[in-house]
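Content type PDB, C-alpha atoms, from the file coords18.pdb:
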```pdb
ATOM      1  CA  MET A   1     219.607 -75.954 181.382  1.00  0.00           C
ATOM      2  CA  ALA A   2     221.963 -76.965 184.181  1.00  0.00           C
ATOM      3  CA  GLU A   3     225.483 -77.065 182.807  1.00  0.00           C
ATOM      4  CA  PHE A   4     228.782 -78.780 183.468  1.00  0.00           C
ATOM      5  CA  ARG A   5     232.279 -78.526 182.013  1.00  0.00           C
ATOM      6  CA  ASN A   6     233.838 -81.214 179.877  1.00  0.00           C
ATOM      7  CA  LYS A   7     237.080 -80.671 177.988  1.00  0.00           C
ATOM      8  CA  GLY A   8     237.276 -84.116 176.409  1.00  0.00           C
ATOM      9  CA  LEU A   9     234.510 -84.124 173.815  1.00  0.00           C
ATOM     10  CA  VAL A  10     235.475 -85.412 170.382  1.00  0.00           C
ATOM     11  CA  PRO A  11     232.634 -84.837 167.899  1.00  0.00           C
ATOM     12  CA  THR A  12     232.181 -86.340 164.355  1.00  0.00           C
ATOM     13  CA  ARG A  13     231.624 -89.417 162.251  1.00  0.00           C
ATOM     14  CA  ARG A  14     229.213 -92.220 161.487  1.00  0.00           C
ATOM     15  CA  ALA A  15     228.455 -94.143 164.668  1.00  0.00           C
ATOM     16  CA  ALA A  16     225.526 -92.043 165.815  1.00  0.00           C
ATOM     17  CA  LEU A  17     224.422 -91.405 162.261  1.00  0.00           C
ATOM     18  CA  THR A  18     223.067 -94.932 162.096  1.00  0.00           C
ATOM     19  CA  LEU A  19     221.013 -94.189 165.194  1.00  0.00           C
ATOM     20  CA  ILE A  20     220.306 -90.487 164.782  1.00  0.00           C
ATOM     21  CA  GLY A  21     220.393 -89.982 161.024  1.00  0.00           C
ATOM     22  CA  ALA A  22     222.617 -88.090 158.615  1.00  0.00           C
ATOM     23  CA  GLY A  23     222.626 -84.328 158.235  1.00  0.00           C
ATOM     24  CA  ALA A  24     223.952 -81.381 160.156  1.00  0.00           C
ATOM     25  CA  LEU A  25     221.030 -79.219 161.275  1.00  0.00           C
ATOM     26  CA  ALA A  26     217.271 -79.366 161.010  1.00  0.00           C
ATOM     27  CA  ALA A  27     215.062 -76.455 162.042  1.00  0.00           C
ATOM     28  CA  THR A  28     211.439 -76.992 162.948  1.00  0.00           C
ATOM     29  CA  GLY A  29     208.908 -74.803 164.699  1.00  0.00           C
ATOM     30  CA  GLY A  30     211.586 -72.317 165.632  1.00  0.00           C
ATOM     31  CA  ILE A  31     213.687 -74.997 167.354  1.00  0.00           C
ATOM     32  CA  THR A  32     217.115 -75.918 166.028  1.00  0.00           C
ATOM     33  CA  LEU A  33     217.734 -79.625 166.447  1.00  0.00           C
ATOM     34  CA  ALA A  34     221.301 -80.771 165.872  1.00  0.00           C
ATOM     35  CA  ARG A  35     221.738 -84.340 164.771  1.00  0.00           C
ATOM     36  CA  ALA A  36     224.428 -86.131 166.694  1.00  0.00           C
ATOM     37  CA  ALA A  37     227.714 -87.605 165.538  1.00  0.00           C
ATOM     38  CA  THR A  38     230.494 -89.357 167.425  1.00  0.00           C
ATOM     39  CA  ASP A  39     233.719 -91.320 167.092  1.00  0.00           C
ATOM     40  CA  ASP A  40     232.687 -94.054 169.506  1.00  0.00           C
ATOM     41  CA  ASP A  41     230.854 -96.963 167.856  1.00  0.00           C
ATOM     42  CA  GLU A  42     230.628 -98.829 171.152  1.00  0.00           C
ATOM     43  CA  VAL A  43     229.023 -96.037 173.211  1.00  0.00           C
ATOM     44  CA  LEU A  44     226.197 -95.088 170.861  1.00  0.00           C
ATOM     45  CA  THR A  45     224.860 -98.392 169.634  1.00  0.00           C
ATOM     46  CA  GLU A  46     221.093 -98.606 169.303  1.00  0.00           C
ATOM     47  CA  ALA A  47     220.983-101.386 171.889  1.00  0.00           C
ATOM     48  CA  LYS A  48     222.825 -99.348 174.511  1.00  0.00           C
ATOM     49  CA  VAL A  49     221.075 -96.038 173.918  1.00  0.00           C
ATOM     50  CA  LEU A  50     217.517 -97.220 173.259  1.00  0.00           C
ATOM     51  CA  ARG A  51     217.311-100.712 174.750  1.00  0.00           C
ATOM     52  CA  ASP A  52     219.544-100.833 177.825  1.00  0.00           C
ATOM     53  CA  PRO A  53     217.664-103.335 180.024  1.00  0.00           C
ATOM     54  CA  ASP A  54     218.959-101.655 183.187  1.00  0.00           C
ATOM     55  CA  VAL A  55     217.554 -98.226 182.293  1.00  0.00           C
ATOM     56  CA  PRO A  56     213.941 -97.568 183.336  1.00  0.00           C
ATOM     57  CA  VAL A  57     211.244 -96.852 180.754  1.00  0.00           C
ATOM     58  CA  ALA A  58     207.960 -94.937 181.135  1.00  0.00           C
ATOM     59  CA  GLY A  59     205.096 -94.298 178.742  1.00  0.00           C
ATOM     60  CA  ASN A  60     204.307 -97.008 176.205  1.00  0.00           C
ATOM     61  CA  PRO A  61     207.091 -99.638 176.183  1.00  0.00           C
ATOM     62  CA  ASP A  62     205.964-100.639 172.671  1.00  0.00           C
ATOM     63  CA  GLY A  63     205.649 -97.068 171.420  1.00  0.00           C
ATOM     64  CA  ASN A  64     206.564 -96.184 167.837  1.00  0.00           C
ATOM     65  CA  ILE A  65     208.836 -93.315 168.826  1.00  0.00           C
ATOM     66  CA  SER A  66     211.338 -93.008 171.671  1.00  0.00           C
ATOM     67  CA  ILE A  67     212.225 -90.007 173.786  1.00  0.00           C
ATOM     68  CA  ILE A  68     215.445 -90.483 175.722  1.00  0.00           C
ATOM     69  CA  GLU A  69     215.923 -88.051 178.603  1.00  0.00           C
ATOM     70  CA  TRP A  70     219.140 -87.373 180.517  1.00  0.00           C
ATOM     71  CA  SER A  71     218.263 -85.692 183.825  1.00  0.00           C
ATOM     72  CA  ASP A  72     219.572 -84.791 187.282  1.00  0.00           C
ATOM     73  CA  TYR A  73     217.376 -84.823 190.396  1.00  0.00           C
ATOM     74  CA  ASN A  74     218.810 -81.486 191.555  1.00  0.00           C
ATOM     75  CA  CYS A  75     218.221 -79.810 188.187  1.00  0.00           C
ATOM     76  CA  PRO A  76     215.435 -77.192 188.524  1.00  0.00           C
ATOM     77  CA  TYR A  77     214.793 -77.269 184.775  1.00  0.00           C
ATOM     78  CA  CYS A  78     214.275 -81.037 184.855  1.00  0.00           C
ATOM     79  CA  ARG A  79     211.753 -80.634 187.671  1.00  0.00           C
ATOM     80  CA  LYS A  80     209.924 -77.841 185.886  1.00  0.00           C
ATOM     81  CA  LEU A  81     209.698 -79.857 182.690  1.00  0.00           C
ATOM     82  CA  GLU A  82     208.713 -83.180 184.270  1.00  0.00           C
ATOM     83  CA  PRO A  83     204.915 -82.741 184.502  1.00  0.00           C
ATOM     84  CA  GLU A  84     204.638 -81.309 180.980  1.00  0.00           C
ATOM     85  CA  LEU A  85     206.778 -84.063 179.462  1.00  0.00           C
ATOM     86  CA  ARG A  86     204.756 -86.750 181.226  1.00  0.00           C
ATOM     87  CA  GLN A  87     201.531 -85.139 180.012  1.00  0.00           C
ATOM     88  CA  VAL A  88     202.764 -85.154 176.408  1.00  0.00           C
ATOM     89  CA  VAL A  89     203.771 -88.815 176.704  1.00  0.00           C
ATOM     90  CA  GLN A  90     200.423 -89.736 178.240  1.00  0.00           C
ATOM     91  CA  ASP A  91     198.374 -87.768 175.717  1.00  0.00           C
ATOM     92  CA  ASP A  92     200.270 -89.211 172.758  1.00  0.00           C
ATOM     93  CA  GLY A  93     199.983 -92.812 173.930  1.00  0.00           C
ATOM     94  CA  LYS A  94     202.654 -94.124 171.553  1.00  0.00           C
ATOM     95  CA  VAL A  95     205.817 -92.651 173.064  1.00  0.00           C
ATOM     96  CA  ARG A  96     208.424 -94.737 174.841  1.00  0.00           C
ATOM     97  CA  LEU A  97     210.232 -92.569 177.432  1.00  0.00           C
ATOM     98  CA  VAL A  98     213.734 -93.830 178.302  1.00  0.00           C
ATOM     99  CA  MET A  99     214.939 -92.332 181.581  1.00  0.00           C
ATOM    100  CA  LYS A 100     218.709 -91.852 181.835  1.00  0.00           C
ATOM    101  CA  ASP A 101     219.935 -90.682 185.222  1.00  0.00           C
ATOM    102  CA  TRP A 102     222.839 -88.287 184.639  1.00  0.00           C
ATOM    103  CA  PRO A 103     224.017 -86.850 187.985  1.00  0.00           C
ATOM    104  CA  ILE A 104     226.265 -83.916 187.030  1.00  0.00           C
ATOM    105  CA  LEU A 105     225.376 -81.376 189.726  1.00  0.00           C
ATOM    106  CA  GLY A 106     227.414 -82.686 192.641  1.00  0.00           C
ATOM    107  CA  PRO A 107     227.704 -85.554 195.119  1.00  0.00           C
ATOM    108  CA  VAL A 108     224.077 -85.408 196.291  1.00  0.00           C
ATOM    109  CA  SER A 109     222.934 -85.778 192.679  1.00  0.00           C
ATOM    110  CA  VAL A 110     225.046 -88.932 192.418  1.00  0.00           C
ATOM    111  CA  THR A 111     223.535 -90.233 195.661  1.00  0.00           C
ATOM    112  CA  ALA A 112     220.014 -89.523 194.392  1.00  0.00           C
ATOM    113  CA  ALA A 113     220.634 -91.278 191.074  1.00  0.00           C
ATOM    114  CA  ARG A 114     222.169 -94.327 192.756  1.00  0.00           C
ATOM    115  CA  ILE A 115     219.261 -94.552 195.198  1.00  0.00           C
ATOM    116  CA  ALA A 116     216.675 -94.290 192.416  1.00  0.00           C
ATOM    117  CA  LEU A 117     218.372 -97.070 190.462  1.00  0.00           C
ATOM    118  CA  ALA A 118     218.616 -99.197 193.605  1.00  0.00           C
ATOM    119  CA  ALA A 119     214.861 -98.756 194.093  1.00  0.00           C
ATOM    120  CA  LYS A 120     214.388-100.368 190.674  1.00  0.00           C
ATOM    121  CA  TYR A 121     215.303-103.735 192.211  1.00  0.00           C
ATOM    122  CA  GLN A 122     212.099-103.583 194.263  1.00  0.00           C
ATOM    123  CA  ASP A 123     210.082-102.166 191.324  1.00  0.00           C
ATOM    124  CA  LYS A 124     209.949 -98.719 192.933  1.00  0.00           C
ATOM    125  CA  TYR A 125     212.142 -96.698 190.554  1.00  0.00           C
ATOM    126  CA  HIS A 126     209.255 -94.596 189.262  1.00  0.00           C
ATOM    127  CA  GLN A 127     207.990 -93.872 192.779  1.00  0.00           C
ATOM    128  CA  ALA A 128     211.501 -92.786 193.803  1.00  0.00           C
ATOM    129  CA  HIS A 129     211.970 -90.718 190.646  1.00  0.00           C
ATOM    130  CA  ASP A 130     208.621 -88.957 190.976  1.00  0.00           C
ATOM    131  CA  ALA A 131     209.149 -88.206 194.678  1.00  0.00           C
ATOM    132  CA  MET A 132     212.532 -86.562 194.094  1.00  0.00           C
ATOM    133  CA  MET A 133     211.405 -84.659 191.007  1.00  0.00           C
ATOM    134  CA  ALA A 134     208.365 -83.256 192.823  1.00  0.00           C
ATOM    135  CA  VAL A 135     210.286 -81.179 195.373  1.00  0.00           C
ATOM    136  CA  SER A 136     211.182 -77.537 194.814  1.00  0.00           C
ATOM    137  CA  SER A 137     214.230 -77.259 197.088  1.00  0.00           C
ATOM    138  CA  ARG A 138     217.709 -78.685 196.666  1.00  0.00           C
ATOM    139  CA  LEU A 139     217.950 -82.290 197.794  1.00  0.00           C
ATOM    140  CA  THR A 140     219.993 -83.541 200.725  1.00  0.00           C
ATOM    141  CA  GLU A 141     220.577 -87.174 201.644  1.00  0.00           C
ATOM    142  CA  PRO A 142     218.281 -87.056 204.694  1.00  0.00           C
ATOM    143  CA  ARG A 143     215.566 -85.445 202.561  1.00  0.00           C
ATOM    144  CA  ILE A 144     215.983 -88.130 199.882  1.00  0.00           C
ATOM    145  CA  ASN A 145     215.537 -90.872 202.465  1.00  0.00           C
ATOM    146  CA  GLU A 146     212.451 -89.133 203.851  1.00  0.00           C
ATOM    147  CA  LEU A 147     210.906 -88.729 200.394  1.00  0.00           C
ATOM    148  CA  LEU A 148     211.479 -92.334 199.386  1.00  0.00           C
ATOM    149  CA  ALA A 149     210.174 -93.747 202.654  1.00  0.00           C
ATOM    150  CA  SER A 150     207.014 -91.661 202.170  1.00  0.00           C
ATOM    151  CA  ALA A 151     206.732 -92.988 198.605  1.00  0.00           C
ATOM    152  CA  GLY A 152     206.556 -96.576 199.859  1.00  0.00           C
ATOM    153  CA  VAL A 153     210.149 -97.652 199.211  1.00  0.00           C
ATOM    154  CA  ASP A 154     211.431-100.390 201.539  1.00  0.00           C
ATOM    155  CA  MET A 155     214.439 -98.556 202.970  1.00  0.00           C
ATOM    156  CA  ASP A 156     216.082-101.644 204.479  1.00  0.00           C
ATOM    157  CA  ARG A 157     215.874-103.422 201.124  1.00  0.00           C
ATOM    158  CA  LEU A 158     217.153-100.253 199.446  1.00  0.00           C
ATOM    159  CA  LYS A 159     220.284-100.193 201.613  1.00  0.00           C
ATOM    160  CA  ARG A 160     220.986-103.828 200.831  1.00  0.00           C
ATOM    161  CA  ASP A 161     220.544-103.295 197.102  1.00  0.00           C
ATOM    162  CA  LEU A 162     222.755-100.191 197.167  1.00  0.00           C
ATOM    163  CA  ALA A 163     225.539-102.311 198.643  1.00  0.00           C
ATOM    164  CA  ASP A 164     224.961-105.562 196.773  1.00  0.00           C
ATOM    165  CA  ARG A 165     224.308-103.956 193.361  1.00  0.00           C
ATOM    166  CA  ALA A 166     226.805-101.113 193.616  1.00  0.00           C
ATOM    167  CA  LYS A 167     228.866-102.201 190.588  1.00  0.00           C
ATOM    168  CA  ASP A 168     225.773-102.657 188.412  1.00  0.00           C
ATOM    169  CA  ILE A 169     224.348 -99.262 189.420  1.00  0.00           C
ATOM    170  CA  ASP A 170     227.642 -97.464 188.820  1.00  0.00           C
ATOM    171  CA  ALA A 171     227.962 -99.181 185.429  1.00  0.00           C
ATOM    172  CA  VAL A 172     224.544 -97.828 184.379  1.00  0.00           C
ATOM    173  CA  LEU A 173     225.533 -94.303 185.429  1.00  0.00           C
ATOM    174  CA  LYS A 174     228.799 -94.602 183.529  1.00  0.00           C
ATOM    175  CA  ARG A 175     226.997 -95.732 180.369  1.00  0.00           C
ATOM    176  CA  ASN A 176     224.543 -92.856 180.693  1.00  0.00           C
ATOM    177  CA  ASN A 177     227.379 -90.367 181.145  1.00  0.00           C
ATOM    178  CA  ASP A 178     229.453 -91.767 178.271  1.00  0.00           C
ATOM    179  CA  GLN A 179     226.466 -91.512 175.934  1.00  0.00           C
ATOM    180  CA  ALA A 180     225.639 -87.945 177.001  1.00  0.00           C
ATOM    181  CA  GLU A 181     229.233 -86.883 176.407  1.00  0.00           C
ATOM    182  CA  ALA A 182     229.385 -88.655 173.058  1.00  0.00           C
ATOM    183  CA  PHE A 183     226.237 -86.836 171.944  1.00  0.00           C
ATOM    184  CA  GLY A 184     227.858 -83.562 173.011  1.00  0.00           C
ATOM    185  CA  PHE A 185     225.310 -82.670 175.671  1.00  0.00           C
ATOM    186  CA  ARG A 186     226.396 -79.877 178.002  1.00  0.00           C
ATOM    187  CA  GLY A 187     223.776 -80.070 180.717  1.00  0.00           C
ATOM    188  CA  THR A 188     220.412 -81.303 181.910  1.00  0.00           C
ATOM    189  CA  PRO A 189     217.805 -81.892 180.702  1.00  0.00           C
ATOM    190  CA  SER A 190     218.904 -83.204 177.304  1.00  0.00           C
ATOM    191  CA  PHE A 191     216.964 -85.395 174.907  1.00  0.00           C
ATOM    192  CA  ILE A 192     216.993 -87.623 171.891  1.00  0.00           C
ATOM    193  CA  VAL A 193     213.587 -87.610 170.190  1.00  0.00           C
ATOM    194  CA  GLY A 194     213.496 -90.188 167.425  1.00  0.00           C
ATOM    195  CA  LYS A 195     216.398 -89.177 165.173  1.00  0.00           C
ATOM    196  CA  TYR A 196     216.872 -85.747 166.706  1.00  0.00           C
ATOM    197  CA  ARG A 197     219.199 -84.518 169.399  1.00  0.00           C
ATOM    198  CA  VAL A 198     217.384 -81.921 171.508  1.00  0.00           C
ATOM    199  CA  PRO A 199     219.468 -80.162 174.169  1.00  0.00           C
ATOM    200  CA  GLY A 200     217.389 -78.045 176.524  1.00  0.00           C
ATOM    201  CA  VAL A 201     213.886 -77.367 177.769  1.00  0.00           C
ATOM    202  CA  LEU A 202     210.873 -77.453 175.447  1.00  0.00           C
ATOM    203  CA  SER A 203     207.232 -76.526 175.984  1.00  0.00           C
ATOM    204  CA  MET A 204     204.460 -79.092 175.575  1.00  0.00           C
ATOM    205  CA  THR A 205     203.651 -77.695 172.138  1.00  0.00           C
ATOM    206  CA  GLU A 206     207.292 -77.857 171.075  1.00  0.00           C
ATOM    207  CA  PHE A 207     207.610 -81.443 172.290  1.00  0.00           C
ATOM    208  CA  GLU A 208     204.496 -82.400 170.358  1.00  0.00           C
ATOM    209  CA  GLN A 209     205.987 -80.807 167.225  1.00  0.00           C
ATOM    210  CA  VAL A 210     209.333 -82.563 167.636  1.00  0.00           C
ATOM    211  CA  ILE A 211     207.576 -85.907 168.155  1.00  0.00           C
ATOM    212  CA  ALA A 212     205.544 -85.344 164.984  1.00  0.00           C
ATOM    213  CA  ASP A 213     208.697 -84.439 163.042  1.00  0.00           C
ATOM    214  CA  ALA A 214     210.534 -87.456 164.441  1.00  0.00           C
ATOM    215  CA  ARG A 215     207.741 -89.733 163.240  1.00  0.00           C
ATOM    216  CA  LYS A 216     207.925 -88.187 159.764  1.00  0.00           C
ATOM    217  CA  ALA A 217     211.722 -88.614 159.699  1.00  0.00           C
ATOM    218  CA  LYS A 218     211.341 -92.253 160.716  1.00  0.00           C
ATOM    219  CA  MET A 219     209.168 -92.887 157.661  1.00  0.00           C
ATOM    220  CA  ASN A 220     211.702 -91.330 155.261  1.00  0.00           C
TER     221      ASN A 220
END
```

Encoded form (structure tokens):
Amino acid sequence: MAEFRNKGLVPTRRAALTLIGAGALAATGGITLARAATDDDEVLTEAKVLRDPDVPVAGNPDGNISIIEWSDYNCPYCRKLEPELRQVVQDDGKVRLVMKDWPILGPVSVTAARIALAAKYQDKYHQAHDAMMAVSSRLTEPRINELLASAGVDMDRLKRDLADRAKDIDAVLKRNNDQAEAFGFRGTPSFIVGKYRVPGVLSMTEFEQVIADARKAKMN
């Protein structure tokens, strides 16, 4: 997991418990899944975490369980996990994957996240996301532009949207960051699966188990 430092985290209380569920720890399949808690009712509302209209969604938009992923395009663990996570989502068929860009690994990560979100305005977010996640080397701005152009993104339109939609894009990134901090995440990738907070990288089998457990918890 790629990590960052944050001295301002204030854990506890009910706000996330309505979204994530009560209880301190739940162990399943050898994985310890901490349930989240926070002091900020406004940051971790269900609408903002699960249903932010400005945050892209993959998988089944009407799925009966949600996976929310916070990721960074320069995070090697995110890249390694990407194909396995997508396979699990595809095989399951009833998972809604909410994709939260969380650029914590430097200025180029911020640039990559802003560009991906700008591509959403021409319905090319997923092409941009997949192109940047597919590389094995650290991204640079010229490389990002090359990847997106090859993925069919209209680069002139992209530049206009980056300028015209700058406040909207930055607001999405701020919401994503505020939520990640409120959940107590320390790096990328980090996940919410149903009612469970899952920091770190899981295998396909582990993801399948967590999804199954999240469905059971939803019924209780």

List the residues selected by the PyMOL selection byres ((chain A and resi 109-119) around 7) in the file shown, writing them as a list of chain:residue names.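 What the PyMOL selection byres ((chain A and resi 109-119) around 7) grabs from the file is A:Asp72, A:Tyr73, A:Asn74, A:Asp101, A:Pro103, A:Ile104, A:Leu105, A:Gly106, A:Pro107, A:Val108, A:Lys120, A:Tyr121, A:Gln122, A:Asp123, A:Lys124, A:Tyr125, A:Ala128, A:His129, A:Ile144, A:Leu158, A:Asp161, A:Leu162, A:Ile169.
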
What's around Leu81 of chain A at 8 Å? Count all atoms listed in the file, leave out sequence neighbours fewer than 3 positions away in its own chain, and write the answer as a VMD selection string. chain A and resid 77 to 78 84 to 85 201 to 203

Can you work out the spacing between atom CA of Ala180 of chain A and atom CA of Asp164 of chain A in Å, to one decimal?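 Separation of atom CA of Ala180 of chain A and atom CA of Asp164 of chain A: 26.5 Å.
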
Between A:Asp213, A:Glu208, A:Asp170, A:Glu69, which is the closest to Pro56 of chain A once you count all atoms listed in the file?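 With all atoms listed in the file as the atom set, the closest residue is A:Glu69.
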
Which distance in Å separates atom CA of Thr188 of chain A and atom CA of Arg79 of chain A, to one decimal? 10.4 Å

Please enumerate the residues selected by the PyMOL selection byres ((chain A and resi 138) around 9) when evaluated against the supplied file, formatted as an MDAnalysis selection string. chainID A and resid 73:76 135:137 139:140

If we count only C-alpha atoms, what is near Phe191 of chain A at a cut-off of 7 Å, once residues fewer than 5 positions away on the same chain are taken out, given as a ChimeraX atom specification? /A:67-70,197-199
